[in-house]
>>> print(open('coords_21.txt').read())   # compact mmCIF, C-alpha atoms
# COMPACT_ATOMS: atom_id res chain seq x y z
CA MET A 1 -23.10 56.06 46.24
CA ASP A 2 -26.14 54.71 48.09
CA SER A 3 -25.50 51.45 49.92
CA VAL A 4 -28.69 49.80 48.64
CA TYR A 5 -27.62 50.63 45.09
CA ARG A 6 -24.16 49.12 45.76
CA VAL A 7 -25.70 45.89 47.05
CA ASN A 8 -27.97 45.70 44.00
CA VAL A 9 -24.92 46.18 41.76
CA TRP A 10 -22.98 43.53 43.71
CA VAL A 11 -25.85 41.06 43.36
CA THR A 12 -26.14 41.78 39.64
CA ASP A 13 -22.38 41.50 39.10
CA ASN A 14 -21.87 38.35 41.15
CA LYS A 15 -25.13 36.44 40.80
CA SER A 16 -24.23 35.01 37.38
CA ALA A 17 -20.71 34.07 38.45
CA LEU A 18 -21.96 32.29 41.57
CA GLN A 19 -24.68 30.51 39.59
CA LEU A 20 -22.11 29.30 37.06
CA PHE A 21 -20.00 28.11 39.98
CA ALA A 22 -23.02 26.22 41.34
CA ILE A 23 -23.47 24.23 38.11
CA ASP A 24 -19.77 23.59 37.43
CA ASN A 25 -19.04 19.86 37.76
CA ARG A 26 -15.64 20.62 39.28
CA VAL A 27 -17.19 22.02 42.46
CA VAL A 28 -19.42 19.07 43.23
CA LYS A 29 -17.53 18.35 46.44
CA VAL A 30 -17.27 22.00 47.48
CA LEU A 31 -20.94 22.98 47.51
CA SER A 32 -23.78 21.03 49.04
CA GLU A 33 -26.86 20.38 46.92
CA GLY A 34 -28.81 22.79 49.14
CA THR A 35 -26.30 25.56 48.55
CA LYS A 36 -26.39 24.96 44.80
CA LYS A 37 -30.19 25.15 44.79
CA GLU A 38 -30.12 28.40 46.76
CA LEU A 39 -27.60 30.02 44.41
CA LEU A 40 -29.77 29.09 41.44
CA CYS A 41 -32.98 30.41 43.01
CA ASP A 42 -34.08 34.00 42.31
CA THR A 43 -35.88 34.07 45.66
CA PHE A 44 -32.50 33.69 47.37
CA TRP A 45 -31.09 36.74 45.59
CA LYS A 46 -34.19 38.82 46.33
CA GLY A 47 -33.79 37.78 49.96
CA ILE A 48 -30.19 39.02 49.98
CA ILE A 49 -31.37 42.46 48.91
CA GLN A 50 -34.25 42.42 51.43
CA ILE A 51 -31.91 41.47 54.27
CA HIS A 52 -29.63 44.32 53.34
CA ARG A 53 -32.54 46.77 53.27
CA LEU A 54 -33.60 45.55 56.73
CA LEU A 55 -30.15 45.72 58.27
CA LYS A 56 -28.92 48.95 56.64
CA PRO A 57 -30.89 51.28 58.95
CA VAL A 58 -29.77 49.24 61.95
CA ALA A 59 -26.14 49.55 60.91
CA ASP A 60 -26.56 53.28 60.32
CA TRP A 61 -28.04 53.81 63.79
CA ILE A 62 -25.43 51.63 65.46
CA THR A 63 -22.79 53.83 63.87
CA VAL A 64 -24.46 56.94 65.29
CA ILE A 65 -25.23 55.44 68.70
CA GLU A 66 -21.82 53.90 69.26
CA ASP A 67 -19.83 56.94 68.19
CA PRO A 68 -17.13 56.82 70.88
CA MET A 69 -17.26 60.55 71.50
CA LEU A 70 -20.99 61.23 71.25
CA HIS A 71 -22.75 57.94 72.15
CA GLY A 72 -25.84 59.14 70.30
CA LYS A 73 -26.07 62.34 72.37
CA CYS A 74 -25.91 64.47 69.23
CA LEU A 75 -29.32 63.26 68.07
CA THR A 76 -32.17 65.69 67.70
CA ASN A 77 -35.55 64.77 69.19
CA ALA A 78 -36.73 63.77 65.71
CA GLU A 79 -33.66 61.55 65.19
CA GLU A 80 -34.16 60.01 68.64
CA LEU A 81 -37.76 59.18 67.72
CA GLN A 82 -36.59 57.67 64.42
CA ARG A 83 -34.09 55.54 66.32
CA ILE A 84 -36.80 54.21 68.64
CA GLU A 85 -39.20 53.58 65.75
CA CYS A 86 -36.48 51.76 63.80
CA ILE A 87 -35.70 49.50 66.76
CA ALA A 88 -39.41 48.80 67.33
CA LYS A 89 -39.97 48.00 63.64
CA ILE A 90 -37.09 45.55 63.54
CA VAL A 91 -38.21 43.85 66.74
CA ARG A 92 -41.78 43.57 65.44
CA HIS A 93 -40.52 41.61 62.43
CA SER A 94 -38.30 39.32 64.51
CA ASP A 95 -39.48 35.96 65.74
CA ASN A 96 -39.28 35.14 69.44
CA VAL A 97 -38.39 38.70 70.48
CA ASP A 98 -40.42 40.59 73.06
CA GLU A 99 -40.86 44.15 71.78
CA GLY A 100 -41.81 45.44 75.24
CA HIS A 101 -38.66 43.95 76.74
CA ILE A 102 -36.41 45.46 74.08
CA LEU A 103 -37.99 48.90 74.43
CA ALA A 104 -37.71 48.66 78.23
CA GLU A 105 -34.01 47.84 77.85
CA PHE A 106 -33.63 50.83 75.56
CA ALA A 107 -35.38 53.05 78.14
CA GLN A 108 -32.98 51.83 80.83
CA TYR A 109 -30.06 52.62 78.52
CA LYS A 110 -31.41 56.14 78.01
CA ILE A 111 -31.79 56.65 81.76
CA LYS A 112 -28.18 55.55 82.39
CA GLU A 113 -27.04 57.79 79.52
CA GLU A 114 -28.58 60.81 81.28
CA LEU A 115 -26.73 60.12 84.57
>>> encode(input="coords_21.txt", output="structure tokens")
Amino acid sequence: MDSVYRVNVWVTDNKSALQLFAIDNRVVKVLSEGTKKELLCDTFWKGIIQIHRLLKPVADWITVIEDPMLHGKCLTNAEELQRIECIAKIVRHSDNVDEGHILAEFAQYKIKEEL
């Protein structure tokens, strides 16, 4: 089953329960007002799905790259290019991150990998 689909199902299944929890008078001391507002806001739940969609490719590539036996060496040229593009895309959408620095670090990693 696709991971994005599973997250969507989780959100659908748990959103209502967490929202009911947020308005239950018995949990007044457990949740802050800010947390309650977030749980009741549709924008929060859309953000959960967006974060998952952003991080899923990163997690997938980390799994490939950090394979203890292969360390990403099994990647085809096309997969290697996808990996670089994925990293660059994530960095571009991150605040206070220097894309050139990250890509330079990646290049140094690749050079060490070849030694």
>>> residues_around(input="coords_21.txt", residues="Trp61 (chain A)", least_positions_apart="4", cutoff="7 Å", atoms="all atoms listed in the file", output="PDB file with C-alpha atoms, keeping the file's coordinate frame")
ATOM      1  CA  PRO A  57     -30.890  51.280  58.950  1.00  0.00           C
ATOM      2  CA  ILE A  65     -25.230  55.440  68.700  1.00  0.00           C
ATOM      3  CA  ARG A  83     -34.090  55.540  66.320  1.00  0.00           C
TER       4      ARG A  83
END
>>> residues_around(input="coords_21.txt", residues="region 100-104 of chain A", least_positions_apart="3", cutoff="12 Å", atoms="all atoms listed in the file", output="ChimeraX atom specification")
/A:83-92,94,96-97,107-111
>>> closest_residue(input="coords_21.txt", among="A:Glu79, A:Lys15, A:Gly34, A:Lys29", to="Asp60 (chain A)", atoms="only C-alpha atoms")
A:Glu79
>>> closest_residue(input="coords_21.txt", among="A:Lys112, A:Ser32, A:Leu39, A:Arg6", to="Gln19 (chain A)", atoms="all atoms listed in the file")
A:Leu39
>>> decode(input="coords_21.txt", residues="region 29-43 of chain A", atoms="N, CA and C atoms", output="mmCIF file, in the first residue's frame")
data_model
loop_
_atom_site.group_PDB
_atom_site.id
_atom_site.type_symbol
_atom_site.label_atom_id
_atom_site.label_comp_id
_atom_site.auth_asym_id
_atom_site.auth_seq_id
_atom_site.Cartn_x
_atom_site.Cartn_y
_atom_site.Cartn_z
ATOM 1 N N LYS A 29 -6.685 20.375 31.121
ATOM 2 C CA LYS A 29 -5.341 20.536 31.670
ATOM 3 C C LYS A 29 -4.281 19.801 30.853
ATOM 4 N N VAL A 30 -4.679 18.930 29.976
ATOM 5 C CA VAL A 30 -3.721 18.133 29.205
ATOM 6 C C VAL A 30 -3.257 18.871 27.960
ATOM 7 N N LEU A 31 -4.169 19.515 27.266
ATOM 8 C CA LEU A 31 -3.834 20.212 26.024
ATOM 9 C C LEU A 31 -3.849 21.724 26.219
ATOM 10 N N SER A 32 -2.863 22.379 25.635
ATOM 11 C CA SER A 32 -2.869 23.840 25.673
ATOM 12 C C SER A 32 -3.936 24.339 24.705
ATOM 13 N N GLU A 33 -4.314 25.598 24.873
ATOM 14 C CA GLU A 33 -5.300 26.186 23.959
ATOM 15 C C GLU A 33 -4.785 26.181 22.522
ATOM 16 N N GLY A 34 -3.494 26.441 22.353
ATOM 17 C CA GLY A 34 -2.893 26.425 21.011
ATOM 18 C C GLY A 34 -2.997 25.061 20.350
ATOM 19 N N THR A 35 -2.739 24.023 21.129
ATOM 20 C CA THR A 35 -2.834 22.661 20.597
ATOM 21 C C THR A 35 -4.268 22.335 20.215
ATOM 22 N N LYS A 36 -5.205 22.733 21.056
ATOM 23 C CA LYS A 36 -6.624 22.495 20.745
ATOM 24 C C LYS A 36 -7.009 23.178 19.430
ATOM 25 N N LYS A 37 -6.581 24.434 19.280
ATOM 26 C CA LYS A 37 -6.914 25.175 18.055
ATOM 27 C C LYS A 37 -6.320 24.484 16.826
ATOM 28 N N GLU A 38 -5.092 24.012 16.952
ATOM 29 C CA GLU A 38 -4.451 23.328 15.826
ATOM 30 C C GLU A 38 -5.208 22.059 15.450
ATOM 31 N N LEU A 39 -5.583 21.268 16.437
ATOM 32 C CA LEU A 39 -6.303 20.023 16.163
ATOM 33 C C LEU A 39 -7.659 20.271 15.505
ATOM 34 N N LEU A 40 -8.238 21.422 15.769
ATOM 35 C CA LEU A 40 -9.546 21.742 15.206
ATOM 36 C C LEU A 40 -9.458 22.466 13.862
ATOM 37 N N CYS A 41 -8.271 22.746 13.404
ATOM 38 C CA CYS A 41 -8.058 23.515 12.181
ATOM 39 C C CYS A 41 -7.735 22.587 11.000
ATOM 40 N N ASP A 42 -8.508 22.697 9.920
ATOM 41 C CA ASP A 42 -8.261 21.865 8.739
ATOM 42 C C ASP A 42 -6.895 22.137 8.115
ATOM 43 N N THR A 43 -6.416 23.361 8.245
ATOM 44 C CA THR A 43 -5.104 23.701 7.698
ATOM 45 C C THR A 43 -4.020 22.850 8.354
#
